[in-house]
$ cat entry.tsv   # TSV, C-alpha atoms
chain	number	residue	atom	x	y	z
V	89	MET	CA	-0.03	53.90	6.44
V	90	SER	CA	-2.75	51.67	5.08
V	91	ARG	CA	-6.38	52.11	5.95
V	92	PRO	CA	-7.75	50.06	8.82
V	93	GLY	CA	-9.11	46.69	7.76
V	94	ARG	CA	-6.89	46.68	4.71
V	95	VAL	CA	-4.16	44.05	4.60
V	96	GLU	CA	-1.53	43.87	1.89
V	97	ASN	CA	0.53	40.88	0.75
V	98	GLU	CA	-0.08	38.57	3.68
V	99	PRO	CA	1.33	35.08	3.13
V	100	ALA	CA	-1.49	32.54	2.95
V	101	PHE	CA	-2.60	29.09	1.87
V	102	ALA	CA	-6.09	28.36	0.57
V	103	LEU	CA	-7.65	25.52	2.55
V	104	HIS	CA	-10.97	25.14	0.84
V	105	HIS	CA	-13.44	27.05	-1.31
V	106	TYR	CA	-17.15	27.00	-1.89
V	107	PRO	CA	-18.97	28.36	-4.94
V	108	TYR	CA	-20.72	31.63	-4.13
V	109	ARG	CA	-23.25	33.34	-6.41
V	110	ASP	CA	-22.70	32.80	-10.14
V	111	THR	CA	-18.99	33.35	-10.53
V	112	SER	CA	-17.62	34.10	-7.05
V	113	ALA	CA	-16.22	31.87	-4.35
V	114	LEU	CA	-15.88	31.85	-0.59
V	115	VAL	CA	-12.31	30.92	0.26
V	116	GLU	CA	-10.99	29.75	3.61
V	117	LEU	CA	-7.39	30.92	4.04
V	118	ILE	CA	-4.79	30.33	6.70
V	119	THR	CA	-2.38	33.19	7.36
V	120	PRO	CA	0.38	33.67	9.95
V	121	GLY	CA	-0.76	37.06	11.23
V	122	PHE	CA	-4.55	36.75	11.14
V	123	GLY	CA	-5.15	33.03	11.58
V	124	ARG	CA	-7.88	31.39	9.57
V	125	ILE	CA	-10.00	33.88	7.69
V	126	GLY	CA	-12.87	33.70	5.22
V	127	VAL	CA	-12.76	35.90	2.12
V	128	VAL	CA	-15.11	36.47	-0.79
V	129	ALA	CA	-13.25	36.22	-4.09
V	130	ARG	CA	-15.51	38.09	-6.49
V	131	GLY	CA	-15.62	36.63	-9.98
V	132	ALA	CA	-12.88	34.12	-9.10
V	133	ARG	CA	-14.63	31.32	-10.97
V	134	ARG	CA	-14.44	33.19	-14.26
V	135	PRO	CA	-11.72	31.71	-16.47
V	136	LYS	CA	-9.65	34.89	-16.72
V	137	SER	CA	-10.07	36.19	-13.18
V	138	ALA	CA	-6.87	37.30	-11.49
V	139	LEU	CA	-8.27	35.98	-8.21
V	140	ARG	CA	-8.53	32.47	-9.59
V	141	VAL	CA	-5.17	31.47	-8.10
V	142	ALA	CA	-6.75	31.85	-4.65
V	143	LEU	CA	-8.89	28.79	-5.38
V	144	GLY	CA	-5.89	26.46	-5.72
V	145	PRO	CA	-4.93	24.71	-2.49
V	146	PHE	CA	-1.39	23.68	-1.42
V	147	ARG	CA	0.33	26.62	-3.07
V	148	PRO	CA	1.97	29.54	-1.24
V	149	LEU	CA	0.02	32.74	-1.89
V	150	ALA	CA	0.41	36.42	-1.11
V	151	VAL	CA	-3.04	37.93	-0.59
V	152	SER	CA	-4.49	41.39	-0.01
V	153	TRP	CA	-7.95	41.97	1.37
V	154	SER	CA	-10.12	44.64	2.87
V	155	GLY	CA	-12.97	44.68	5.33
V	156	ARG	CA	-13.52	43.33	8.79
V	157	GLY	CA	-15.93	40.88	10.31
V	158	GLU	CA	-16.71	37.33	9.34
V	159	LEU	CA	-16.04	37.67	5.60
V	160	ARG	CA	-13.49	39.97	4.00
V	161	THR	CA	-13.22	40.92	0.36
V	162	LEU	CA	-10.22	39.49	-1.42
V	163	ARG	CA	-8.62	42.19	-3.53
V	164	HIS	CA	-5.50	40.59	-4.85
V	165	ALA	CA	-3.89	37.17	-4.82
V	166	GLU	CA	-0.59	36.04	-6.23
V	167	ALA	CA	0.91	32.56	-6.24
V	168	GLY	CA	4.52	32.02	-5.22
V	169	GLY	CA	5.16	28.99	-7.40
V	170	PRO	CA	3.71	26.76	-10.10
V	171	PRO	CA	0.44	24.93	-9.43
V	172	VAL	CA	0.86	21.53	-7.85
V	173	PHE	CA	-1.18	18.42	-8.62
V	174	PRO	CA	-0.54	15.90	-5.87
V	175	THR	CA	-2.41	12.61	-6.17
V	176	GLY	CA	-3.39	9.50	-4.30
V	177	ARG	CA	-2.40	9.09	-0.68
V	178	ARG	CA	-0.27	12.23	-0.70
V	179	LEU	CA	-3.24	14.36	-1.77
V	180	LEU	CA	-5.43	12.91	0.96
V	181	SER	CA	-2.71	13.60	3.53
V	182	LEU	CA	-2.69	17.25	2.44
V	183	TYR	CA	-6.47	17.50	2.59
V	184	TYR	CA	-6.33	15.88	6.01
V	185	MET	CA	-4.21	18.79	7.28
V	186	ASN	CA	-6.67	21.25	5.74
V	187	GLU	CA	-9.57	19.50	7.41
V	188	LEU	CA	-7.83	19.52	10.81
V	189	ILE	CA	-7.24	23.27	10.52
V	190	LEU	CA	-10.81	23.95	9.40
V	191	ARG	CA	-12.17	21.89	12.26
V	192	LEU	CA	-9.85	22.96	15.07
V	193	ILE	CA	-8.89	26.58	14.48
V	194	ALA	CA	-11.57	29.23	14.95
V	195	ARG	CA	-11.62	32.14	12.52
V	196	ASP	CA	-9.60	35.23	13.41
V	197	ASP	CA	-7.42	33.50	15.97
V	198	PRO	CA	-3.78	33.94	14.87
V	199	HIS	CA	-1.49	30.93	15.34
V	200	PRO	CA	1.75	31.71	13.50
V	201	GLY	CA	3.27	28.46	14.79
V	202	ILE	CA	0.51	26.41	13.20
V	203	PHE	CA	0.86	28.30	9.92
V	204	HIS	CA	4.57	27.47	9.80
V	205	ALA	CA	3.93	23.86	10.82
V	206	TYR	CA	1.46	23.59	7.93
V	207	SER	CA	3.84	25.22	5.50
V	208	ASP	CA	6.72	22.92	6.56
V	209	ALA	CA	4.64	19.73	6.37
V	210	LEU	CA	3.20	20.75	3.00
V	211	ALA	CA	6.64	21.40	1.52
V	212	ALA	CA	7.97	18.11	2.91
V	213	ILE	CA	5.05	16.06	1.57
V	214	LEU	CA	5.18	17.72	-1.85
V	215	ALA	CA	8.92	17.10	-1.98
V	216	GLY	CA	8.26	13.39	-1.52
V	217	ASP	CA	9.16	12.93	2.15
V	218	SER	CA	7.26	10.35	4.19
V	219	ASP	CA	3.77	11.79	4.44
V	220	SER	CA	3.14	9.77	7.57
V	221	ALA	CA	6.06	11.25	9.54
V	222	SER	CA	5.33	14.77	8.23
V	223	LEU	CA	1.71	14.50	9.36
V	224	ARG	CA	2.75	13.40	12.87
V	225	TYR	CA	4.98	16.44	13.31
V	226	PHE	CA	2.21	18.66	11.95
V	227	GLU	CA	-0.30	17.18	14.43
V	228	LEU	CA	2.17	17.66	17.26
V	229	ARG	CA	2.78	21.32	16.41
V	230	LEU	CA	-0.96	21.84	15.86
V	231	LEU	CA	-1.71	20.55	19.37
V	232	ASP	CA	1.08	22.71	20.72
V	233	GLY	CA	-0.28	25.81	19.00
V	234	LEU	CA	-3.78	25.16	20.29
V	235	GLY	CA	-2.48	24.90	23.85
V	236	TYR	CA	-2.80	21.14	24.14
V	237	GLY	CA	0.88	20.37	23.65
V	238	LEU	CA	2.05	16.91	24.66
V	239	ASP	CA	4.95	16.36	27.03
V	240	LEU	CA	6.72	13.47	25.39
V	241	SER	CA	9.94	13.56	27.34
V	242	ALA	CA	8.69	12.83	30.85
V	243	GLU	CA	6.22	10.56	32.64
V	244	ALA	CA	2.85	12.04	33.55
V	245	GLY	CA	2.54	12.82	37.28
V	246	THR	CA	6.06	11.94	38.41
V	247	GLY	CA	7.92	14.00	35.81
V	248	ARG	CA	10.59	11.31	35.57
V	249	ALA	CA	12.46	11.19	32.25
V	250	LEU	CA	11.21	8.56	29.80
V	251	ASP	CA	13.14	5.34	29.47
V	252	PRO	CA	13.68	4.61	25.77
V	253	GLU	CA	13.37	0.87	26.42
V	254	ALA	CA	10.11	1.06	28.42
V	255	SER	CA	6.50	1.07	27.24
V	256	TYR	CA	3.86	3.63	28.16
V	257	ARG	CA	0.16	4.13	27.90
V	258	PHE	CA	-0.99	7.45	26.45
V	259	VAL	CA	-3.92	9.13	28.23
V	260	PRO	CA	-5.30	12.29	26.53
V	261	GLY	CA	-5.10	15.26	28.87
V	262	GLU	CA	-2.61	13.52	31.16
V	263	GLY	CA	0.29	12.15	29.19
V	264	LEU	CA	2.42	9.03	29.25
V	265	ILE	CA	1.89	6.57	32.07
V	266	PRO	CA	4.39	3.71	32.49
V	267	LEU	CA	3.19	0.21	31.76
V	268	PRO	CA	4.52	-2.64	33.89
V	269	PRO	CA	7.33	-4.46	32.01
V	270	GLY	CA	6.00	-7.22	29.78
V	271	ALA	CA	2.39	-6.00	29.94
V	272	GLY	CA	0.81	-6.37	26.49
V	273	HIS	CA	-1.15	-3.30	25.49
V	274	LYS	CA	-2.30	-2.80	21.94
V	275	ALA	CA	-1.79	0.97	21.94
V	276	ALA	CA	1.44	0.88	23.95
V	277	VAL	CA	3.78	3.79	23.23
V	278	ARG	CA	7.46	2.94	23.02
V	279	GLY	CA	9.67	5.27	25.02
V	280	ARG	CA	12.07	5.51	22.12
V	281	MET	CA	9.32	6.72	19.77
V	282	ALA	CA	8.02	9.36	22.21
V	283	LEU	CA	11.55	10.69	22.75
V	284	ALA	CA	12.23	10.82	19.02
V	285	LEU	CA	9.05	12.89	18.53
V	286	ALA	CA	9.92	15.13	21.48
V	287	ASN	CA	13.35	15.84	20.00
V	288	GLY	CA	12.14	16.26	16.43
V	289	GLN	CA	14.17	13.29	15.24
V	290	GLU	CA	13.35	11.09	12.31
V	291	LEU	CA	10.86	8.32	13.14
V	292	VAL	CA	11.86	4.77	12.29
V	293	PRO	CA	9.29	3.02	10.08
V	294	GLN	CA	8.17	0.61	12.83
V	295	ASP	CA	7.26	3.56	15.07
V	296	LEU	CA	5.02	5.32	12.53
V	297	GLU	CA	1.90	3.34	13.40
V	298	GLY	CA	2.37	3.83	17.15
V	299	ALA	CA	2.87	7.57	16.67
V	300	ARG	CA	-0.23	7.74	14.49
V	301	LEU	CA	-2.39	6.03	17.11
V	302	MET	CA	-1.05	8.18	19.93
V	303	LEU	CA	-1.68	11.47	18.10
V	304	ARG	CA	-5.05	10.26	16.95
V	305	ALA	CA	-5.97	9.67	20.61
V	306	ALA	CA	-4.63	13.13	21.51
V	307	LEU	CA	-6.73	14.81	18.80
V	308	ALA	CA	-9.91	12.80	19.47
V	309	PRO	CA	-11.23	14.90	22.39
V	310	LEU	CA	-10.74	18.10	20.35
V	311	LEU	CA	-12.44	16.73	17.25
V	312	GLY	CA	-15.47	15.41	19.09
V	313	GLU	CA	-18.02	13.00	17.70
V	314	LYS	CA	-18.13	14.11	14.07
V	315	PRO	CA	-15.79	11.88	12.02
V	316	LEU	CA	-13.15	13.41	9.75
V	317	ARG	CA	-14.17	13.13	6.10
V	318	THR	CA	-10.64	12.71	4.79
V	319	ARG	CA	-10.04	9.85	7.22
V	320	ALA	CA	-13.22	8.10	6.03
V	321	LEU	CA	-12.21	8.56	2.40
V	322	LEU	CA	-8.71	7.27	3.01
V	323	ALA	CA	-10.18	4.18	4.66
V	324	ALA	CA	-12.57	3.66	1.71
V	325	LEU	CA	-9.77	4.03	-0.85
V	326	GLY	CA	-7.41	1.88	1.17
V	327	LYS	CA	-9.92	-0.97	0.96
V	328	LYS	CA	-9.82	-0.79	-2.81
V	329	GLY	CA	-6.02	-0.65	-2.74
V	330	LEU	CA	-6.08	2.61	-4.71
V	331	ALA	CA	-4.68	5.03	-2.16
V	332	GLN	CA	-1.04	4.47	-3.05
O	264	MET	CA	-38.13	38.66	-15.18
O	265	ALA	CA	-41.05	37.89	-12.86
O	266	PHE	CA	-42.35	41.49	-13.18
O	267	HIS	CA	-41.94	41.48	-16.94
O	268	LEU	CA	-43.95	38.27	-17.32
O	269	LEU	CA	-46.67	39.45	-14.90
O	270	GLU	CA	-47.03	42.77	-16.66
O	271	ARG	CA	-46.75	41.82	-20.29
O	272	ASP	CA	-46.76	38.15	-21.11
O	273	ARG	CA	-48.67	35.91	-18.76
O	274	ASP	CA	-49.09	33.22	-21.46
O	275	ALA	CA	-45.35	32.88	-21.90
O	276	GLY	CA	-45.01	32.79	-18.10
O	277	LEU	CA	-47.42	29.86	-17.94
O	278	ARG	CA	-45.61	28.05	-20.74
O	279	LEU	CA	-42.30	28.59	-18.95
O	280	ALA	CA	-43.80	27.31	-15.70
O	281	ALA	CA	-45.17	24.23	-17.47
O	282	SER	CA	-41.87	23.35	-19.13
O	283	LEU	CA	-39.90	23.93	-15.92
O	284	SER	CA	-42.31	21.74	-14.00
O	285	ALA	CA	-42.16	19.02	-16.68
O	286	ALA	CA	-38.35	19.18	-16.58
O	287	MET	CA	-38.16	19.02	-12.79
O	288	GLU	CA	-40.50	16.05	-12.62
O	289	GLY	CA	-39.61	14.17	-15.80
O	290	ILE	CA	-35.83	14.46	-16.12
O	291	GLY	CA	-33.66	11.93	-14.39
O	292	GLU	CA	-30.25	10.38	-14.89
O	293	CYS	CA	-29.30	8.04	-17.71
O	294	SER	CA	-28.90	4.63	-16.11
O	295	ARG	CA	-25.66	4.11	-18.04
O	296	CYS	CA	-23.77	7.40	-18.17
O	297	ARG	CA	-25.56	9.58	-15.57
O	298	MET	CA	-26.34	12.31	-18.16
O	299	PHE	CA	-29.66	14.13	-17.72
O	300	THR	CA	-32.40	12.47	-19.75
O	301	ASP	CA	-36.17	12.05	-19.79
O	302	SER	CA	-35.95	8.34	-20.57
O	303	GLU	CA	-34.13	5.36	-19.11
O	304	ILE	CA	-31.13	5.73	-21.44
O	305	CYS	CA	-29.95	9.08	-22.84
O	306	VAL	CA	-29.86	9.80	-26.60
O	307	VAL	CA	-26.09	9.40	-26.82
O	308	CYS	CA	-26.04	6.00	-25.12
O	309	ALA	CA	-29.05	4.85	-27.18
O	310	ASP	CA	-27.51	5.89	-30.54
O	311	PRO	CA	-26.27	2.74	-32.34
O	312	SER	CA	-23.95	4.74	-34.61
O	313	ARG	CA	-21.82	5.87	-31.65
O	314	ASP	CA	-18.36	4.40	-31.15
O	315	VAL	CA	-18.58	2.06	-28.17
O	316	ALA	CA	-14.80	1.69	-27.86
O	317	ALA	CA	-14.34	5.14	-26.29
O	318	VAL	CA	-15.79	6.69	-23.18
O	319	CYS	CA	-15.23	10.35	-22.34
O	320	ILE	CA	-15.35	11.11	-18.62
O	321	VAL	CA	-16.52	14.59	-17.61
O	322	GLU	CA	-17.53	16.36	-14.42
O	323	THR	CA	-20.91	17.83	-15.39
O	324	PRO	CA	-23.73	17.48	-17.96
O	325	ALA	CA	-22.77	20.94	-19.26
O	326	ASP	CA	-19.33	19.50	-20.11
O	327	VAL	CA	-21.00	16.85	-22.29
O	328	MET	CA	-22.76	19.60	-24.24
O	329	ALA	CA	-19.50	21.51	-24.60
O	330	VAL	CA	-17.62	18.49	-25.98
O	331	GLU	CA	-20.55	17.55	-28.26
O	332	GLN	CA	-20.78	21.03	-29.72
O	333	SER	CA	-17.10	21.69	-30.32
O	334	THR	CA	-15.35	18.40	-31.07
O	335	PRO	CA	-15.75	15.63	-33.63
O	336	TYR	CA	-15.89	13.09	-30.78
O	337	ARG	CA	-18.41	10.33	-31.53
O	338	GLY	CA	-17.97	7.99	-28.58
O	339	ARG	CA	-19.95	7.74	-25.39
O	340	TYR	CA	-19.74	9.66	-22.11
O	341	PHE	CA	-19.74	9.19	-18.40
O	342	VAL	CA	-20.80	12.08	-16.16
O	343	LEU	CA	-19.29	12.13	-12.66
O	344	MET	CA	-21.60	14.92	-11.41
O	345	GLY	CA	-18.65	16.50	-9.58
O	346	HIS	CA	-15.06	15.68	-8.67
O	347	LEU	CA	-13.27	14.06	-5.74
O	348	SER	CA	-13.53	16.53	-2.88
O	349	PRO	CA	-12.52	15.00	0.43
O	350	LEU	CA	-13.49	18.06	2.47
O	351	ASP	CA	-17.03	18.00	1.09
O	352	GLY	CA	-17.32	14.26	1.67
O	353	ILE	CA	-17.34	13.50	-2.06
O	354	GLY	CA	-15.57	10.23	-2.73
O	355	PRO	CA	-15.70	7.44	-5.32
O	356	ALA	CA	-19.19	6.33	-4.27
O	357	GLU	CA	-20.73	9.78	-4.85
O	358	LEU	CA	-19.15	9.97	-8.31
O	359	GLY	CA	-20.69	6.66	-9.41
O	360	LEU	CA	-17.27	5.09	-9.95
O	361	GLU	CA	-18.63	1.60	-9.39
O	362	ARG	CA	-20.84	1.98	-12.42
O	363	LEU	CA	-17.91	3.40	-14.37
O	364	GLU	CA	-15.81	0.37	-13.39
O	365	THR	CA	-18.49	-1.93	-14.80
O	366	ILE	CA	-18.47	0.05	-18.06
O	367	LEU	CA	-14.65	-0.04	-18.27
O	368	GLY	CA	-14.71	-3.76	-17.56
O	369	ARG	CA	-16.69	-4.46	-20.74
O	370	GLU	CA	-14.62	-5.78	-23.59
O	371	GLU	CA	-15.66	-3.23	-26.21
O	372	VAL	CA	-14.21	-0.26	-24.25
O	373	THR	CA	-10.56	0.35	-25.17
O	374	GLU	CA	-10.03	4.03	-24.35
O	375	ALA	CA	-11.10	6.30	-21.52
O	376	ILE	CA	-10.71	10.02	-22.27
O	377	LEU	CA	-10.31	11.89	-19.00
O	378	ALA	CA	-11.87	15.31	-19.55
O	379	THR	CA	-12.13	16.51	-15.96
O	380	ASN	CA	-11.19	20.13	-15.21
O	381	PRO	CA	-7.51	21.12	-14.89
O	382	THR	CA	-7.90	21.96	-11.17
O	383	VAL	CA	-6.34	20.17	-8.20
O	384	GLU	CA	-9.57	18.25	-7.65
O	385	GLY	CA	-10.15	17.50	-11.33
O	386	GLU	CA	-6.57	16.31	-11.77
O	387	ALA	CA	-6.82	14.08	-8.69
O	388	THR	CA	-10.08	12.62	-10.03
O	389	ALA	CA	-8.44	11.93	-13.39
O	390	ARG	CA	-5.45	10.20	-11.80
O	391	PHE	CA	-7.72	8.12	-9.62
O	392	ILE	CA	-9.78	6.96	-12.61
O	393	ALA	CA	-6.58	6.33	-14.58
O	394	ASP	CA	-5.58	3.83	-11.86
O	395	VAL	CA	-8.93	2.08	-12.25
O	396	CYS	CA	-8.40	2.00	-16.05
O	397	GLN	CA	-4.99	0.40	-15.62
O	398	GLU	CA	-6.54	-2.28	-13.47
O	399	LYS	CA	-9.13	-2.97	-16.18
O	400	GLY	CA	-6.59	-2.88	-19.02
O	401	VAL	CA	-8.16	0.20	-20.65
O	402	ARG	CA	-5.97	2.93	-22.18
O	403	ALA	CA	-6.49	6.19	-20.28
O	404	THR	CA	-5.85	9.50	-22.06
O	405	ARG	CA	-5.99	13.00	-20.61
O	406	ILE	CA	-7.15	16.02	-22.60
O	407	ALA	CA	-4.34	18.52	-23.31
O	408	HIS	CA	-4.06	21.75	-21.32
O	409	GLY	CA	-2.42	24.73	-22.92
O	410	VAL	CA	-2.40	28.08	-24.60
O	411	PRO	CA	-5.87	29.11	-25.84
O	412	VAL	CA	-6.26	29.22	-29.63
O	413	GLY	CA	-5.73	32.80	-30.81
O	414	GLY	CA	-4.05	33.67	-27.50
O	415	GLU	CA	-0.66	35.24	-26.97
O	416	LEU	CA	2.03	33.62	-24.83
O	417	GLU	CA	2.82	36.89	-23.11
O	418	PHE	CA	-0.63	37.01	-21.53
O	419	VAL	CA	-1.00	33.35	-20.59
O	420	ASP	CA	-0.75	32.61	-16.86
O	421	SER	CA	2.40	30.82	-15.72
O	422	GLY	CA	0.64	27.59	-14.70
O	423	THR	CA	-1.00	27.14	-18.09
O	424	LEU	CA	2.21	27.95	-19.91
O	425	ALA	CA	4.11	25.40	-17.79
O	426	HIS	CA	1.49	22.78	-18.65
O	427	ALA	CA	1.63	23.68	-22.32
O	428	PHE	CA	5.42	23.24	-22.30
O	429	ALA	CA	5.24	19.91	-20.51
O	430	GLY	CA	2.70	18.68	-23.06
O	431	ARG	CA	4.49	19.88	-26.23
O	432	GLN	CA	4.23	17.74	-29.34
O	433	THR	CA	6.51	16.85	-32.23
O	434	ILE	CA	5.68	18.87	-35.31
O	435	GLY	CA	5.99	17.87	-38.98

$ encode --input "entry.tsv" --output "structure tokens"
Amino acid sequence: MSRPGRVENEPAFALHHYPYRDTSALVELITPGFGRIGVVARGARRPKSALRVALGPFRPLAVSWSGRGELRTLRHAEAGGPPVFPTGRRLLSLYYMNELILRLIARDDPHPGIFHAYSDALAAILAGDSDSASLRYFELRLLDGLGYGLDLSAEAGTGRALDPEASYRFVPGEGLIPLPPGAGHKAAVRGRMALALANGQELVPQDLEGARLMLRAALAPLLGEKPLRTRALLAALGKKGLAQ
Amino acid sequence: MAFHLLERDRDAGLRLAASLSAAMEGIGECSRCRMFTDSEICVVCADPSRDVAAVCIVETPADVMAVEQSTPYRGRYFVLMGHLSPLDGIGPAELGLERLETILGREEVTEAILATNPTVEGEATARFIADVCQEKGVRATRIAHGVPVGGELEFVDSGTLAHAFAGRQTIG
């Protein structure tokens, strides 16, 4: 049996890293069994360091570390595939997921469901699927994992099944409240869209914006006042027309 | 080092203190390329014998020194002072890309050499600047990544080897 505090070959993704001392780095990892953890990768910024792979985001890793407490010591890291170099909008979408995890998941709080949601969304986005739809399903599973899952198949309060043809208003913490027929509401949620999300079906392009706004509203109370940096950057790049 | 200077060489300590203090107070950024300099324009930008058709874009001032010392490159530079890093709040504004756009927009510039690091962030920065270059009608080139000179394939990491294969060149 291994020594306590020693973990071998845990699957992981690197979310972010900060330079530490002359040649080391602090790396934030997400793992299925241990949640988000911080590790010190000694000498990882040296060109020939074997731990260097742990600095590359968006790549499946197998990592071994020792130690307990806030920061562990990374002992070994291996990448399960070639390095990836996503660009433009796709890259920002991936960083957006990393930022959500860094902001919403506390260290040492295992959420295997969120790890798999991240891994699935990452693979889909890198494979060229719609980044918008992949992000919505990631956000949904993230909320679920954090215990703030949305009920998108029934009306809030009454529990009646959603009508695909009707429109609803989304209230964070409550759910979907029916809107009177014909009432114009700028953030109205179409029943069809909510049901598609609830059943994990493909979203039609005209529903992507509505789904984005609804999940943004659902995440807002958890994120608090501080704006997301990736969202601000995406807005800035979008203005220049360069975030394609 | 502090003990050594206090015990044996206080004069050198004072000289070191004076030059550090002069550097901290007197050195700023070149108003054209953002390289460290003690005047308005750095020596490279001020040199009339430099090729104005090329601009080499690097992440740090240390990268400028590295390129200067080891390549025959005789064009100008632009120092980003970092790379795109959304999670640290570093975007185009922090990298001085507006100033770079003005430089690329000038008629004499025909080539932008993207010499950012071969990391996810460096690659993203290069691609982003390449888009700006395309808009301005400037040819963007990326430095090659591959097997180190004198190295052996067997010991090269898989990512580098994959890059080296993708960037292979016709010989003879």

$ closest_residue --input "entry.tsv" --among "V:Leu310, V:Ala165, V:Leu231, V:Ala138" --to "chain O" --atoms "all atoms listed in the file"
V:Ala138

$ residues_near_point --input "entry.tsv" --point "(-10.0, 4.0, -21.5)" --cutoff "10 Å" --atoms "only C-alpha atoms" --output "VMD selection string"
chain O and resid 316 to 320 366 to 368 372 to 377 392 to 393 395 to 397 399 to 405

$ interface_residues --input "entry.tsv" --of "chain O" --to "chain V" --cutoff "6 Å" --atoms "all atoms listed in the file" --output "list in words"
Pro349, Gly352, Val383, Ala387 and Gly422 of chain O

$ residues_around --input "entry.tsv" --residues "stretch 409-416 of chain O" --least-positions-apart "5" --cutoff "12 Å" --atoms "only C-alpha atoms" --output "list in words"
Pro135 and Lys136 of chain V; Pro381, Ser421, Gly422, Thr423, Leu424, Ala425, His426, Ala427, Phe428, Ala429, Gly430, Arg431 and Gln432 of chain O

$ residues_around --input "entry.tsv" --residues "stretch 155-158 of chain V" --least-positions-apart "5" --cutoff "7 Å" --atoms "all atoms listed in the file" --output "list in words"
Gly93, Arg94 and Gly126 of chain V

$ atom_distance --input "entry.tsv" --atom1 "atom CA of O:Thr379" --atom2 "atom CA of O:Asp351"
17.8 Å

$ closest_residue --input "entry.tsv" --among "V:His164, V:Val95, V:Gly312, V:Leu267" --to "V:Ala129" --atoms "all atoms listed in the file"
V:His164

$ residues_around --input "entry.tsv" --residues "V:Leu307" --least-positions-apart "2" --cutoff "12 Å" --atoms "all atoms listed in the file" --output "PDB file with C-alpha atoms, in the coordinates of the input"
ATOM      1  CA  LEU V 188      -7.830  19.520  10.810  1.00  0.00           C
ATOM      2  CA  ILE V 189      -7.240  23.270  10.520  1.00  0.00           C
ATOM      3  CA  ARG V 191     -12.170  21.890  12.260  1.00  0.00           C
ATOM      4  CA  LEU V 192      -9.850  22.960  15.070  1.00  0.00           C
ATOM      5  CA  ARG V 224       2.750  13.400  12.870  1.00  0.00           C
ATOM      6  CA  PHE V 226       2.210  18.660  11.950  1.00  0.00           C
ATOM      7  CA  GLU V 227      -0.300  17.180  14.430  1.00  0.00           C
ATOM      8  CA  LEU V 228       2.170  17.660  17.260  1.00  0.00           C
ATOM      9  CA  ARG V 229       2.780  21.320  16.410  1.00  0.00           C
ATOM     10  CA  LEU V 230      -0.960  21.840  15.860  1.00  0.00           C
ATOM     11  CA  LEU V 231      -1.710  20.550  19.370  1.00  0.00           C
ATOM     12  CA  ASP V 232       1.080  22.710  20.720  1.00  0.00           C
ATOM     13  CA  LEU V 234      -3.780  25.160  20.290  1.00  0.00           C
ATOM     14  CA  TYR V 236      -2.800  21.140  24.140  1.00  0.00           C
ATOM     15  CA  GLY V 237       0.880  20.370  23.650  1.00  0.00           C
ATOM     16  CA  LEU V 238       2.050  16.910  24.660  1.00  0.00           C
ATOM     17  CA  VAL V 259      -3.920   9.130  28.230  1.00  0.00           C
ATOM     18  CA  PRO V 260      -5.300  12.290  26.530  1.00  0.00           C
ATOM     19  CA  GLY V 261      -5.100  15.260  28.870  1.00  0.00           C
ATOM     20  CA  ARG V 300      -0.230   7.740  14.490  1.00  0.00           C
ATOM     21  CA  LEU V 301      -2.390   6.030  17.110  1.00  0.00           C
ATOM     22  CA  MET V 302      -1.050   8.180  19.930  1.00  0.00           C
ATOM     23  CA  LEU V 303      -1.680  11.470  18.100  1.00  0.00           C
ATOM     24  CA  ARG V 304      -5.050  10.260  16.950  1.00  0.00           C
ATOM     25  CA  ALA V 305      -5.970   9.670  20.610  1.00  0.00           C
ATOM     26  CA  PRO V 309     -11.230  14.900  22.390  1.00  0.00           C
ATOM     27  CA  LEU V 310     -10.740  18.100  20.350  1.00  0.00           C
ATOM     28  CA  LEU V 311     -12.440  16.730  17.250  1.00  0.00           C
ATOM     29  CA  GLY V 312     -15.470  15.410  19.090  1.00  0.00           C
ATOM     30  CA  GLU V 313     -18.020  13.000  17.700  1.00  0.00           C
ATOM     31  CA  PRO V 315     -15.790  11.880  12.020  1.00  0.00           C
ATOM     32  CA  LEU V 316     -13.150  13.410   9.750  1.00  0.00           C
TER      33      LEU V 316
END

$ atom_distance --input "entry.tsv" --atom1 "atom CA of V:Ala113" --atom2 "atom CA of O:Asp420"
19.9 Å

$ atom_distance --input "entry.tsv" --atom1 "atom CA of O:Phe391" --atom2 "atom CA of O:Val330"
21.8 Å

$ closest_residue --input "entry.tsv" --among "O:Val307, O:Cys296, O:Val327, O:Val315" --to "O:Leu358" --atoms "all atoms listed in the file"
O:Cys296

$ closest_residue --input "entry.tsv" --among "O:Arg297, O:Gln332, O:Arg313, O:Asp326" --to "O:Leu360" --atoms "all atoms listed in the file"
O:Arg297

$ residues_around --input "entry.tsv" --residues "V:Phe258" --least-positions-apart "5" --cutoff "7 Å" --atoms "all atoms listed in the file" --output "list of chain:residue names"
V:Gly263, V:Leu264, V:Ile265, V:Val277, V:Met302

$ closest_residue --input "entry.tsv" --among "V:Leu283, V:Ile125, V:Leu162, V:Ala209" --to "V:Glu243" --atoms "all atoms listed in the file"
V:Leu283

$ closest_residue --input "entry.tsv" --among "V:Gly247, V:Pro252, V:Gly235, V:Pro266" --to "V:Met281" --atoms "all atoms listed in the file"
V:Pro252
